[in-house]
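What's in coords_29.txt: compact mmCIF, C-alpha atoms
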```
# COMPACT_ATOMS: atom_id res chain seq x y z
CA MET A 1 109.53 113.76 106.01
CA ARG A 2 110.25 110.76 108.24
CA PRO A 3 109.21 107.56 106.44
CA THR A 4 107.29 104.67 107.99
CA ILE A 5 107.94 101.04 107.10
CA THR A 6 105.94 97.96 108.03
CA ALA A 7 107.44 94.81 109.57
CA PHE A 8 106.17 91.54 111.06
CA ALA A 9 104.66 91.89 114.54
CA THR A 10 105.92 88.32 114.99
CA SER A 11 108.79 87.57 112.63
CA PRO A 12 108.91 83.90 111.53
CA ASP A 13 112.71 83.88 111.95
CA GLY A 14 112.67 85.36 115.47
CA GLY A 15 114.84 88.33 114.55
CA MET A 16 117.64 86.56 112.68
CA GLY A 17 117.55 89.20 109.94
CA LEU A 18 115.82 87.08 107.28
CA ALA A 19 112.56 89.05 107.21
CA ARG A 20 112.64 91.44 104.28
CA ASP A 21 112.28 94.60 106.36
CA MET A 22 115.96 93.99 107.19
CA ARG A 23 116.89 95.00 103.62
CA VAL A 24 115.05 98.29 103.90
CA ARG A 25 116.29 99.00 107.44
CA TRP A 26 119.87 98.46 106.23
CA ALA A 27 119.35 100.85 103.30
CA LEU A 28 117.78 103.47 105.58
CA GLU A 29 120.80 103.20 107.89
CA GLU A 30 123.24 103.53 104.97
CA VAL A 31 121.65 106.85 103.98
CA SER A 32 121.26 107.95 107.66
CA GLN A 33 117.49 108.30 107.29
CA PRO A 34 115.56 107.95 110.57
CA TYR A 35 112.30 106.01 110.21
CA ASP A 36 109.28 104.70 112.06
CA VAL A 37 108.06 101.12 112.06
CA ARG A 38 104.47 99.93 112.09
CA LEU A 39 104.25 96.28 113.15
CA VAL A 40 101.53 94.22 111.45
CA THR A 41 100.16 90.83 112.48
CA PHE A 42 99.61 88.05 109.95
CA ALA A 43 95.85 88.75 110.15
CA GLU A 44 96.37 92.48 109.52
CA MET A 45 98.58 91.72 106.50
CA LYS A 46 95.55 90.20 104.72
CA GLU A 47 93.14 93.05 105.59
CA PRO A 48 92.13 95.80 103.11
CA ALA A 49 94.16 98.54 104.84
CA HIS A 50 97.40 96.63 104.35
CA LEU A 51 96.46 95.21 100.94
CA ALA A 52 96.04 98.82 99.75
CA ARG A 53 99.72 99.30 100.60
CA GLN A 54 100.91 95.82 99.57
CA PRO A 55 98.61 93.95 97.15
CA PHE A 56 100.22 90.58 97.98
CA GLY A 57 99.75 90.91 101.75
CA GLN A 58 103.48 90.97 102.54
CA ILE A 59 105.95 93.20 104.34
CA PRO A 60 107.76 95.57 104.14
CA THR A 61 106.04 98.66 102.77
CA TYR A 62 107.34 102.23 102.73
CA GLU A 63 105.28 105.39 103.30
CA GLU A 64 106.67 108.89 102.91
CA GLY A 65 104.13 111.71 102.59
CA SER A 66 101.93 110.99 99.59
CA LEU A 67 104.09 108.08 98.40
CA THR A 68 103.45 104.43 99.28
CA LEU A 69 105.80 101.78 97.92
CA PHE A 70 106.22 98.03 98.22
CA GLU A 71 108.91 95.63 96.88
CA THR A 72 112.24 95.92 98.67
CA GLY A 73 113.98 96.49 95.33
CA SER A 74 111.80 99.48 94.57
CA ILE A 75 112.07 100.95 98.07
CA ILE A 76 115.86 100.68 98.09
CA LEU A 77 116.10 102.07 94.57
CA HIS A 78 113.92 105.01 95.69
CA LEU A 79 116.22 105.65 98.65
CA GLY A 80 119.26 105.41 96.38
CA LEU A 81 117.83 107.80 93.78
CA THR A 82 116.71 110.40 96.34
CA ARG A 83 119.53 110.31 98.94
CA PRO A 84 123.32 110.01 98.72
CA GLY A 85 125.00 106.85 99.98
CA LEU A 86 123.59 103.93 98.01
CA LEU A 87 124.23 104.71 94.33
CA PRO A 88 127.25 106.23 92.55
CA ASP A 89 126.95 109.73 91.07
CA ASP A 90 128.51 108.77 87.73
CA PRO A 91 125.65 107.77 85.36
CA ASP A 92 127.37 104.64 83.99
CA ALA A 93 128.40 103.44 87.46
CA ARG A 94 124.90 104.15 88.73
CA ALA A 95 123.28 102.08 85.97
CA ARG A 96 125.72 99.25 86.71
CA ALA A 97 124.95 99.33 90.43
CA ILE A 98 121.23 99.16 89.63
CA THR A 99 122.01 96.18 87.37
CA TRP A 100 123.44 94.29 90.35
CA LEU A 101 120.42 95.11 92.49
CA ILE A 102 118.13 93.70 89.79
CA CYS A 103 120.49 90.74 89.30
CA ALA A 104 120.21 89.90 93.01
CA LEU A 105 116.40 89.85 92.76
CA SER A 106 115.95 88.34 89.32
CA THR A 107 118.91 85.99 88.77
CA ILE A 108 120.23 84.97 92.20
CA GLU A 109 117.23 85.05 94.53
CA PRO A 110 114.75 82.90 92.53
CA PRO A 111 116.78 79.65 92.72
CA VAL A 112 117.69 80.44 96.35
CA ILE A 113 114.02 80.89 97.26
CA GLU A 114 112.93 77.88 95.20
CA ARG A 115 115.35 75.69 97.17
CA GLU A 116 114.41 77.31 100.49
CA GLY A 117 110.69 76.83 99.86
CA PHE A 118 111.30 73.20 98.87
CA GLU A 119 113.28 72.55 102.07
CA LEU A 120 110.65 74.21 104.22
CA THR A 121 107.54 72.65 102.70
CA GLU A 122 108.44 69.33 101.03
CA ALA A 123 110.97 67.71 103.39
CA ASP A 124 108.41 64.99 104.21
CA LYS A 125 107.65 64.15 100.58
CA PRO A 126 108.92 60.90 99.03
CA TRP A 127 110.74 62.86 96.31
CA PHE A 128 112.59 65.22 98.69
CA HIS A 129 116.01 63.53 98.64
CA ALA A 130 115.93 62.88 94.89
CA ARG A 131 115.05 66.49 94.02
CA LEU A 132 117.14 68.49 96.50
CA PRO A 133 120.44 68.00 94.61
CA LEU A 134 118.84 69.41 91.44
CA LEU A 135 117.94 72.58 93.32
CA ASP A 136 121.33 72.77 95.03
CA ASP A 137 122.98 72.63 91.61
CA LYS A 138 120.83 75.44 90.23
CA VAL A 139 121.99 77.63 93.10
CA ARG A 140 125.63 76.52 92.66
CA THR A 141 125.58 77.44 88.97
CA ARG A 142 124.50 80.98 89.79
CA LEU A 143 126.91 81.36 92.70
CA GLY A 144 129.79 80.14 90.55
CA SER A 145 129.15 82.84 87.97
CA LEU A 146 128.65 85.48 90.64
CA SER A 147 131.88 84.49 92.37
CA ALA A 148 133.76 84.78 89.08
CA ALA A 149 132.22 88.20 88.42
CA LEU A 150 133.21 89.47 91.86
CA GLY A 151 136.74 88.07 91.55
CA SER A 152 139.10 89.69 94.02
CA ALA A 153 137.11 92.92 94.33
CA ASP A 154 135.56 94.01 97.61
CA TRP A 155 132.26 95.04 96.00
CA LEU A 156 130.55 94.28 92.69
CA GLU A 157 131.03 97.71 91.10
CA GLY A 158 133.60 99.99 92.69
CA GLU A 159 132.37 101.31 96.04
CA PHE A 160 129.69 99.60 98.13
CA SER A 161 126.26 100.22 96.58
CA ALA A 162 122.59 99.23 96.75
CA GLY A 163 123.57 96.38 94.41
CA ASP A 164 125.88 94.91 97.06
CA LEU A 165 123.28 95.45 99.78
CA MET A 166 120.65 93.47 97.91
CA MET A 167 123.07 90.77 96.73
CA ILE A 168 124.43 90.19 100.24
CA GLU A 169 120.93 90.06 101.71
CA VAL A 170 120.07 87.32 99.21
CA LEU A 171 123.30 85.40 99.92
CA LEU A 172 122.68 85.51 103.67
CA ARG A 173 119.44 83.56 103.17
CA LEU A 174 121.66 80.57 102.32
CA GLU A 175 122.96 80.57 105.90
CA ASP A 176 119.50 80.05 107.47
CA PRO A 177 120.23 77.48 110.22
CA SER A 178 116.66 76.15 110.07
CA LEU A 179 117.26 74.67 106.60
CA PRO A 180 118.30 71.02 106.47
CA GLY A 181 120.43 71.19 103.29
CA ALA A 182 124.07 71.99 102.54
CA ASP A 183 125.58 75.37 103.42
CA LEU A 184 126.03 76.44 99.81
CA LEU A 185 127.37 79.91 100.58
CA HIS A 186 130.51 78.51 102.21
CA GLU A 187 131.25 76.37 99.15
CA PHE A 188 132.19 79.75 97.61
CA PRO A 189 134.73 81.36 99.97
CA THR A 190 134.87 84.51 97.83
CA LEU A 191 131.14 85.03 98.32
CA ALA A 192 131.16 84.09 102.00
CA ALA A 193 133.87 86.72 102.60
CA TYR A 194 131.88 89.23 100.53
CA ALA A 195 128.78 88.62 102.65
CA ASP A 196 130.90 89.03 105.80
CA ARG A 197 132.14 92.40 104.52
CA GLY A 198 128.54 93.52 104.16
CA ARG A 199 127.58 92.21 107.57
CA ALA A 200 130.48 94.09 109.16
CA ARG A 201 129.19 97.48 108.02
CA PRO A 202 127.94 99.67 110.88
CA ALA A 203 124.69 100.34 109.01
CA PHE A 204 124.04 96.58 108.76
CA GLN A 205 124.74 96.17 112.46
CA ARG A 206 122.33 98.95 113.44
CA ALA A 207 119.59 97.54 111.19
CA PHE A 208 120.11 94.01 112.48
CA ALA A 209 119.91 95.20 116.10
CA ALA A 210 116.72 97.16 115.37
CA GLN A 211 114.86 94.23 113.84
CA LYS A 212 116.14 91.82 116.52
CA ALA A 213 114.92 94.17 119.26
CA VAL A 214 111.34 93.66 118.02
CA ALA A 215 111.61 89.88 118.38
CA ASP A 216 113.45 90.14 121.71
CA ALA A 217 110.67 92.33 123.13
CA ILE A 218 108.08 89.74 122.11
CA ARG A 219 110.07 86.92 123.72
CA GLU A 220 110.49 88.95 126.92
CA LYS A 221 106.79 89.74 127.06
CA ALA A 222 105.93 86.07 126.49
CA SER A 223 108.29 84.84 129.21
CA SER A 224 107.07 87.39 131.77
CA SER A 225 103.37 86.80 131.20
CA MET B 226 124.52 106.91 70.29
CA ARG B 227 122.74 103.91 68.76
CA PRO B 228 122.70 101.04 71.30
CA THR B 229 123.46 97.41 70.52
CA ILE B 230 121.66 94.51 72.16
CA THR B 231 122.47 90.81 72.02
CA ALA B 232 119.95 88.08 71.18
CA PHE B 233 119.97 84.34 70.52
CA ALA B 234 121.38 83.37 67.11
CA THR B 235 118.97 80.42 67.43
CA SER B 236 116.11 81.23 69.77
CA PRO B 237 114.80 78.17 71.64
CA ASP B 238 111.21 79.34 71.09
CA GLY B 239 111.60 79.87 67.34
CA GLY B 240 110.63 83.54 67.47
CA MET B 241 107.45 83.29 69.58
CA GLY B 242 108.54 86.29 71.67
CA LEU B 243 109.54 84.37 74.81
CA ALA B 244 113.29 85.08 74.57
CA ARG B 245 114.12 87.96 76.89
CA ASP B 246 115.44 90.25 74.15
CA MET B 247 111.73 90.75 73.34
CA ARG B 248 111.34 92.80 76.55
CA VAL B 249 114.18 95.11 75.61
CA ARG B 250 113.10 95.38 71.97
CA TRP B 251 109.60 96.37 73.12
CA ALA B 252 111.01 99.03 75.46
CA LEU B 253 113.28 100.39 72.70
CA GLU B 254 110.27 100.64 70.39
CA GLU B 255 108.18 102.42 73.05
CA VAL B 256 110.85 105.14 73.34
CA SER B 257 111.44 105.19 69.54
CA GLN B 258 115.12 104.32 69.97
CA PRO B 259 116.69 102.61 66.93
CA TYR B 260 119.10 99.82 67.84
CA ASP B 261 121.44 97.20 66.47
CA VAL B 262 121.38 93.51 67.31
CA ARG B 263 124.36 91.19 67.69
CA LEU B 264 123.30 87.55 67.50
CA VAL B 265 125.24 85.13 69.71
CA THR B 266 125.35 81.35 69.52
CA PHE B 267 125.02 79.18 72.62
CA ALA B 268 128.78 78.52 72.42
CA GLU B 269 129.57 82.23 72.18
CA MET B 270 127.37 82.97 75.22
CA LYS B 271 129.79 80.96 77.39
CA GLU B 272 132.97 82.56 75.99
CA PRO B 273 134.93 85.28 77.84
CA ALA B 274 133.87 88.08 75.45
CA HIS B 275 130.20 87.54 76.24
CA LEU B 276 130.74 86.70 79.92
CA ALA B 277 132.41 90.11 80.28
CA ARG B 278 129.08 91.61 79.20
CA GLN B 279 126.82 89.07 80.95
CA PRO B 280 128.46 87.12 83.82
CA PHE B 281 125.77 84.39 83.70
CA GLY B 282 126.15 83.67 79.98
CA GLN B 283 122.67 84.82 79.03
CA ILE B 284 120.99 87.29 76.67
CA PRO B 285 120.13 90.11 76.27
CA THR B 286 122.83 92.67 76.98
CA TYR B 287 122.83 96.37 76.17
CA GLU B 288 125.79 98.43 74.98
CA GLU B 289 125.70 102.19 74.51
CA GLY B 290 129.03 103.97 74.28
CA SER B 291 130.98 103.25 77.46
CA LEU B 292 128.02 101.60 79.19
CA THR B 293 127.36 97.86 79.19
CA LEU B 294 124.30 96.51 81.02
CA PHE B 295 122.62 93.17 81.55
CA GLU B 296 119.33 92.18 83.28
CA THR B 297 116.23 93.18 81.34
CA GLY B 298 114.92 95.04 84.39
CA SER B 299 118.01 97.19 84.55
CA ILE B 300 118.11 97.86 80.81
CA ILE B 301 114.45 98.88 80.70
CA LEU B 302 114.84 101.04 83.79
CA HIS B 303 117.84 102.72 82.14
CA LEU B 304 115.77 103.41 79.02
CA GLY B 305 112.92 104.74 81.17
CA LEU B 306 115.18 107.02 83.20
CA THR B 307 117.00 108.43 80.18
CA ARG B 308 114.23 108.73 77.56
CA PRO B 309 110.56 109.79 77.68
CA GLY B 310 107.86 107.18 77.11
CA LEU B 311 108.29 104.48 79.75
CA LEU B 312 108.08 106.23 83.13
CA PRO B 313 105.82 109.05 84.39
CA ASP B 314 107.37 112.47 85.05
CA ASP B 315 105.71 112.88 88.46
CA PRO B 316 108.15 111.52 91.09
CA ASP B 317 105.54 109.54 93.07
CA ALA B 318 104.02 108.02 89.94
CA ARG B 319 107.51 107.21 88.68
CA ALA B 320 108.43 105.39 91.89
CA ARG B 321 105.15 103.45 91.72
CA ALA B 322 105.76 102.44 88.10
CA ILE B 323 109.23 101.20 89.06
CA THR B 324 107.59 99.25 91.91
CA TRP B 325 105.48 97.33 89.38
CA LEU B 326 108.53 96.60 87.22
CA ILE B 327 110.30 95.14 90.26
CA CYS B 328 107.10 93.34 91.30
CA ALA B 329 106.94 91.64 87.90
CA LEU B 330 110.51 90.37 88.30
CA SER B 331 110.57 89.60 92.00
CA THR B 332 107.01 88.57 92.96
CA ILE B 333 105.28 87.31 89.79
CA GLU B 334 108.04 85.86 87.63
CA PRO B 335 109.72 83.50 90.15
CA PRO B 336 106.71 81.17 90.62
CA VAL B 337 105.98 81.39 86.87
CA ILE B 338 109.55 80.35 86.03
CA GLU B 339 109.64 77.70 88.75
CA ARG B 340 106.55 76.07 87.24
CA GLU B 341 107.85 76.49 83.67
CA GLY B 342 111.22 74.93 84.56
CA PHE B 343 109.46 72.04 86.30
CA GLU B 344 107.25 71.40 83.27
CA LEU B 345 110.21 71.55 80.89
CA THR B 346 112.68 69.40 82.84
CA GLU B 347 110.76 67.06 85.17
CA ALA B 348 107.74 65.91 83.13
CA ASP B 349 109.21 62.38 83.05
CA LYS B 350 109.78 62.16 86.81
CA PRO B 351 107.56 59.95 89.01
CA TRP B 352 106.61 62.99 91.13
CA PHE B 353 105.57 65.21 88.21
CA HIS B 354 101.80 64.84 88.49
CA ALA B 355 101.79 65.07 92.30
CA ARG B 356 103.86 68.26 92.39
CA LEU B 357 102.49 70.24 89.42
CA PRO B 358 99.28 71.33 91.25
CA LEU B 359 101.40 72.79 94.08
CA LEU B 360 103.24 74.97 91.57
CA ASP B 361 100.04 75.90 89.74
CA ASP B 362 98.57 77.11 93.02
CA LYS B 363 101.61 79.25 93.83
CA VAL B 364 101.12 81.00 90.49
CA ARG B 365 97.35 81.31 91.03
CA THR B 366 97.85 82.96 94.42
CA ARG B 367 100.03 85.66 92.88
CA LEU B 368 97.77 86.16 89.86
CA GLY B 369 94.72 86.51 92.10
CA SER B 370 96.37 89.33 94.05
CA LEU B 371 97.60 90.98 90.87
CA SER B 372 94.16 90.76 89.28
CA ALA B 373 92.60 92.41 92.34
CA ALA B 374 95.24 95.17 92.28
CA LEU B 375 94.61 95.89 88.60
CA GLY B 376 90.83 95.87 89.07
CA SER B 377 89.04 97.59 86.21
CA ALA B 378 92.01 99.79 85.27
CA ASP B 379 93.70 99.55 81.89
CA TRP B 380 97.21 99.71 83.36
CA LEU B 381 98.70 99.19 86.81
CA GLU B 382 99.47 102.85 87.57
CA GLY B 383 97.75 105.46 85.41
CA GLU B 384 99.24 105.49 81.90
CA PHE B 385 101.10 102.54 80.35
CA SER B 386 104.59 102.30 81.86
CA ALA B 387 107.69 100.12 82.06
CA GLY B 388 105.90 98.38 84.94
CA ASP B 389 103.14 97.21 82.62
CA LEU B 390 105.64 96.23 79.94
CA MET B 391 107.52 93.94 82.32
CA MET B 392 104.38 92.55 83.95
CA ILE B 393 102.78 91.70 80.62
CA GLU B 394 105.97 90.07 79.36
CA VAL B 395 105.95 87.83 82.44
CA LEU B 396 102.24 87.00 82.06
CA LEU B 397 102.70 86.06 78.40
CA ARG B 398 105.12 83.30 79.46
CA LEU B 399 102.07 81.50 80.87
CA GLU B 400 100.70 81.13 77.32
CA ASP B 401 103.71 79.14 76.06
CA PRO B 402 102.06 76.42 73.92
CA SER B 403 104.98 74.03 74.51
CA LEU B 404 104.05 73.66 78.20
CA PRO B 405 101.85 70.69 79.12
CA GLY B 406 100.04 72.29 82.09
CA ALA B 407 96.93 74.43 82.50
CA ASP B 408 96.59 77.83 80.81
CA LEU B 409 96.66 79.76 84.08
CA LEU B 410 96.53 83.22 82.48
CA HIS B 411 93.05 82.63 81.09
CA GLU B 412 91.76 81.61 84.52
CA PHE B 413 92.06 85.36 85.23
CA PRO B 414 90.12 87.16 82.45
CA THR B 415 91.13 90.56 83.83
CA LEU B 416 94.80 89.67 83.38
CA ALA B 417 94.32 87.99 80.02
CA ALA B 418 92.62 91.18 78.74
CA TYR B 419 95.43 93.27 80.27
CA ALA B 420 98.05 91.18 78.47
CA ASP B 421 96.08 91.57 75.23
CA ARG B 422 96.10 95.36 75.67
CA GLY B 423 99.87 95.23 75.91
CA ARG B 424 100.19 92.96 72.92
CA ALA B 425 98.04 95.31 70.83
CA ARG B 426 100.44 98.22 71.23
CA PRO B 427 102.23 99.15 67.99
CA ALA B 428 105.61 99.08 69.80
CA PHE B 429 104.96 95.48 70.92
CA GLN B 430 104.02 94.52 67.38
CA ARG B 431 107.18 96.02 65.89
CA ALA B 432 109.36 94.33 68.51
CA PHE B 433 107.63 90.98 68.01
CA ALA B 434 108.08 91.19 64.25
CA ALA B 435 111.77 92.07 64.63
CA GLN B 436 112.58 89.09 66.87
CA LYS B 437 110.48 86.74 64.74
CA ALA B 438 112.31 87.86 61.59
CA VAL B 439 115.55 86.46 63.06
CA ALA B 440 114.00 83.03 63.55
CA ASP B 441 112.24 83.13 60.16
CA ALA B 442 115.53 83.88 58.39
CA ILE B 443 117.14 80.86 60.06
CA ARG B 444 114.25 78.60 59.05
CA GLU B 445 114.40 79.88 55.47
CA LYS B 446 118.15 79.31 55.29
CA ALA B 447 117.75 75.78 56.71
CA SER B 448 115.01 74.85 54.23
CA SER B 449 116.90 76.22 51.22
CA SER B 450 120.24 74.53 52.02
```

Is it possible to give me this structure as structure tokens?
Amino acid sequence: MRPTITAFATSPDGGMGLARDMRVRWALEEVSQPYDVRLVTFAEMKEPAHLARQPFGQIPTYEEGSLTLFETGSIILHLGLTRPGLLPDDPDARARAITWLICALSTIEPPVIEREGFELTEADKPWFHARLPLLDDKVRTRLGSLSAALGSADWLEGEFSAGDLMMIEVLLRLEDPSLPGADLLHEFPTLAAYADRGRARPAFQRAFAAQKAVADAIREKASSS
Amino acid sequence: MRPTITAFATSPDGGMGLARDMRVRWALEEVSQPYDVRLVTFAEMKEPAHLARQPFGQIPTYEEGSLTLFETGSIILHLGLTRPGLLPDDPDARARAITWLICALSTIEPPVIEREGFELTEADKPWFHARLPLLDDKVRTRLGSLSAALGSADWLEGEFSAGDLMMIEVLLRLEDPSLPGADLLHEFPTLAAYADRGRARPAFQRAFAAQKAVADAIREKASSS
């Protein structure tokens, strides 16, 4: 059964890989699972048909026969539990890899997103410059601990896993060139190199190209019309 | 194999159930799994022995034979995947229940924690009263969608699951009486009733009593010395 995911008809980042369908595309490529994509406009994301798939009106979603999922963490976990390539076979190693996936979503991403949202929506507020360092430091604290945990290893738990995929996707948000603040990822060379290892994987490259092609097609259409 | 979890030797909330070991205790009670507790001081949480279990110096952790886990989401998922009582047997229903667990951690908790952290650490800042409504509204947006998704159902996906456990634990943070802001949970009667259904479960009650007993023992010792 070939699954269908949803993605932005018009991605806010113009195909730079920051939209969350990138995470699911990467996972699908890692397990060599072909898939279809249904593009949804911002208006369609708030309509009942999409809200039945995704109660918060976001992308991506995942449909496979009778199953409809949302939340990138859940979709990637589903792919990892049903197909080889994203989670170790050994039960202990598998539980540890899942721990890192949850850690990426629950411990690392929240301060990253809090800072990102602040930069995007409050840069014109009188408190912006006084508050930004507080948010930078919250991210630094987490990255420092993560860097120590990774140490000199290539991946967080033995071989590359869904935990690394999710962690690297979160780290790459820190490189968003549209954000005015410091490039926190490169303050931690261990983590910057780790993210580069993820980005060098053929599955990442294929997923990145696929999501960028959507944005490129829109740009081409706009420039030719 | 009887697992061991870690918990605060001195819980900041004095046993009101907001420390994250409550989530794991509740899950252990739902699957009728006896467990041991190792209490750790704030100093011990930053020492190498604990950082080897939890790289971010937090609680809880979970040890069971050769397996050591952190992240409440991962621990509860492990309990659900290895013992009956927290996840449906049907594969689709199981994947949907896991989706709600991840949703609690990745979609609902971040704005709840962002607002909580702001209330706890920036109440004396000149921007506090101007910013708080922005954070309240981010929480309200999520709760509105969640309330619509729950509708008139008792639980998010058929029977009570690990997804409900995690969602209700996140919602109960909004009731923290030490926070100065609005009681956002009770603006959504559907969700307040849902949280009450969770709190009424015998497994919740046993877990709550167990974590409160730790704080009560400390208070008794302090008052008698």

Which residues of chain B come within 10 Å of chain A, and for each one, what is the closest pair of atoms and their distance in Å to one decimal, counting all atoms listed in the file, sorted by chain and residue number, as a Markdown table?
```
| residue | atom | partner | partner_atom | distance |
| --- | --- | --- | --- | --- |
| B:Leu276 | CA | A:Ala149 | CA | 8.8 |
| B:Ala277 | CA | A:Ala149 | CA | 8.4 |
| B:Gln279 | CA | A:Ala149 | CA | 9.3 |
| B:Pro280 | CA | A:Ser145 | CA | 6.0 |
| B:Phe281 | CA | A:Ser145 | CA | 5.7 |
| B:Gly282 | CA | A:Ser145 | CA | 8.6 |
| B:Glu289 | CA | A:Asp92 | CA | 9.9 |
| B:Gly290 | CA | A:Asp92 | CA | 9.9 |
| B:Ser291 | CA | A:Asp92 | CA | 7.6 |
| B:Leu292 | CA | A:Asp92 | CA | 5.7 |
| B:Thr293 | CA | A:Arg96 | CA | 7.8 |
| B:Leu294 | CA | A:Arg96 | CA | 6.5 |
| B:Phe295 | CA | A:Thr99 | CA | 6.6 |
| B:Glu296 | CA | A:Cys103 | CA | 6.3 |
| B:Thr297 | CA | A:Ile102 | CA | 8.7 |
| B:Gly298 | CA | A:Ile102 | CA | 6.4 |
| B:Ser299 | CA | A:Thr99 | CA | 5.0 |
| B:Ile300 | CA | A:Thr99 | CA | 7.8 |
| B:Leu302 | CA | A:Ala95 | CA | 8.8 |
| B:His303 | CA | A:Ala95 | CA | 6.7 |
| B:Leu306 | CA | A:Ala95 | CA | 9.9 |
| B:Pro316 | CA | A:Leu67 | CA | 9.0 |
| B:Asp317 | CA | A:Leu67 | CA | 5.7 |
| B:Ala318 | CA | A:Leu67 | CA | 8.5 |
| B:Arg319 | CA | A:His78 | CA | 9.8 |
| B:Ala320 | CA | A:His78 | CA | 6.7 |
| B:Arg321 | CA | A:Leu69 | CA | 6.5 |
| B:Ala322 | CA | A:Ser74 | CA | 9.3 |
| B:Ile323 | CA | A:Ser74 | CA | 6.3 |
| B:Thr324 | CA | A:Ser74 | CA | 5.0 |
| B:Trp325 | CA | A:Glu71 | CA | 8.4 |
| B:Leu326 | CA | A:Ser74 | CA | 8.5 |
| B:Ile327 | CA | A:Ser74 | CA | 6.3 |
| B:Cys328 | CA | A:Glu71 | CA | 6.3 |
| B:Ala329 | CA | A:Ser106 | CA | 9.7 |
| B:Leu330 | CA | A:Ser106 | CA | 5.9 |
| B:Ser331 | CA | A:Leu105 | CA | 5.9 |
| B:Thr332 | CA | A:Glu71 | CA | 8.3 |
| B:Glu334 | CA | A:Ser106 | CA | 8.5 |
| B:Pro335 | CA | A:Pro110 | CA | 5.6 |
| B:Pro336 | CA | A:Glu114 | CA | 8.4 |
| B:Ile338 | CA | A:Pro110 | CA | 8.7 |
| B:Glu339 | CA | A:Glu114 | CA | 7.2 |
| B:Glu347 | CA | A:Arg131 | CA | 9.9 |
| B:Lys350 | CA | A:Trp127 | CA | 9.6 |
| B:Pro351 | CA | A:Trp127 | CA | 8.5 |
| B:Trp352 | CA | A:Trp127 | CA | 6.6 |
| B:Phe353 | CA | A:Trp127 | CA | 9.9 |
| B:Arg356 | CA | A:Trp127 | CA | 9.6 |
| B:Thr366 | CA | A:Phe56 | CA | 8.7 |
| B:Arg367 | CA | A:Phe56 | CA | 7.1 |
| B:Leu368 | CA | A:Phe56 | CA | 9.6 |
| B:Gly369 | CA | A:Phe56 | CA | 9.0 |
| B:Ser370 | CA | A:Phe56 | CA | 5.6 |
| B:Leu371 | CA | A:Pro55 | CA | 7.0 |
| B:Ser372 | CA | A:Pro55 | CA | 9.6 |
| B:Ala373 | CA | A:Pro55 | CA | 7.9 |
| B:Ala374 | CA | A:Pro55 | CA | 6.0 |
| B:Leu375 | CA | A:Pro55 | CA | 9.6 |
```

For this session: Give the answer as one residue: which of A:Met166, A:Ile218, A:Leu86, A:Val40 has the shortest atom-to-atom distance to A:Arg20, using all atoms listed in the file?
Result: A:Met166

For this session: Just give me the gap between atom CA of B:Ala432 and atom CA of B:Arg250 in Å, one decimal is fine.
Result: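 It comes out at 5.2 Å.
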
Exercise. Could you work out how far atom CA of B:Arg444 lies from atom CA of B:Phe429, giving the answer in Å with one decimal?
Worked result: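 About the pair atom CA of B:Phe429 and atom CA of B:Arg444: they are 22.6 Å apart.
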
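Our summary of the geometry notes that atom CA of A:Val112 is positioned 19.3 Å from atom CA of B:Leu345.
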
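With distances taken over all atoms listed in the file, A:Met167 is the one residue among A:Ala153, A:Met167, A:Leu134, A:Met1 lying closest to A:Arg23.
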
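Here the question is which of A:Ala192, A:Val37, A:Arg140, A:Ser152 gets nearest to A:Met22 using all atoms listed in the file, and that residue is A:Val37.
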
Near-A:Gly14 list (12 Å; all atoms listed in the file; drop same-chain fewer than 3 positions) as an mmCIF file with C-alpha atoms, in the frame of the given file:
```
data_model
loop_
_atom_site.group_PDB
_atom_site.id
_atom_site.type_symbol
_atom_site.label_atom_id
_atom_site.label_comp_id
_atom_site.auth_asym_id
_atom_site.auth_seq_id
_atom_site.Cartn_x
_atom_site.Cartn_y
_atom_site.Cartn_z
ATOM 1 C CA PHE A 8 106.170 91.540 111.060
ATOM 2 C CA ALA A 9 104.660 91.890 114.540
ATOM 3 C CA THR A 10 105.920 88.320 114.990
ATOM 4 C CA SER A 11 108.790 87.570 112.630
ATOM 5 C CA GLY A 17 117.550 89.200 109.940
ATOM 6 C CA LEU A 18 115.820 87.080 107.280
ATOM 7 C CA ALA A 19 112.560 89.050 107.210
ATOM 8 C CA ASP A 176 119.500 80.050 107.470
ATOM 9 C CA SER A 178 116.660 76.150 110.070
ATOM 10 C CA PHE A 208 120.110 94.010 112.480
ATOM 11 C CA GLN A 211 114.860 94.230 113.840
ATOM 12 C CA LYS A 212 116.140 91.820 116.520
ATOM 13 C CA ALA A 213 114.920 94.170 119.260
ATOM 14 C CA VAL A 214 111.340 93.660 118.020
ATOM 15 C CA ALA A 215 111.610 89.880 118.380
ATOM 16 C CA ASP A 216 113.450 90.140 121.710
ATOM 17 C CA ALA A 217 110.670 92.330 123.130
ATOM 18 C CA ILE A 218 108.080 89.740 122.110
ATOM 19 C CA ARG A 219 110.070 86.920 123.720
#
```

For this session: Point out the residue among B:Gly423, B:Gly383, B:Pro313, B:Pro237 with the least atom-to-atom distance to B:Val395, counting all atoms listed in the file.
Result: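 Looking only at the distances to B:Val395, the closest residue turns out to be B:Gly423.
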
Problem set entry | Residues within 12 Å of B:Pro427, all atoms listed in the file, excluding chain neighbours under 5 positions, as a count of residues only | 10
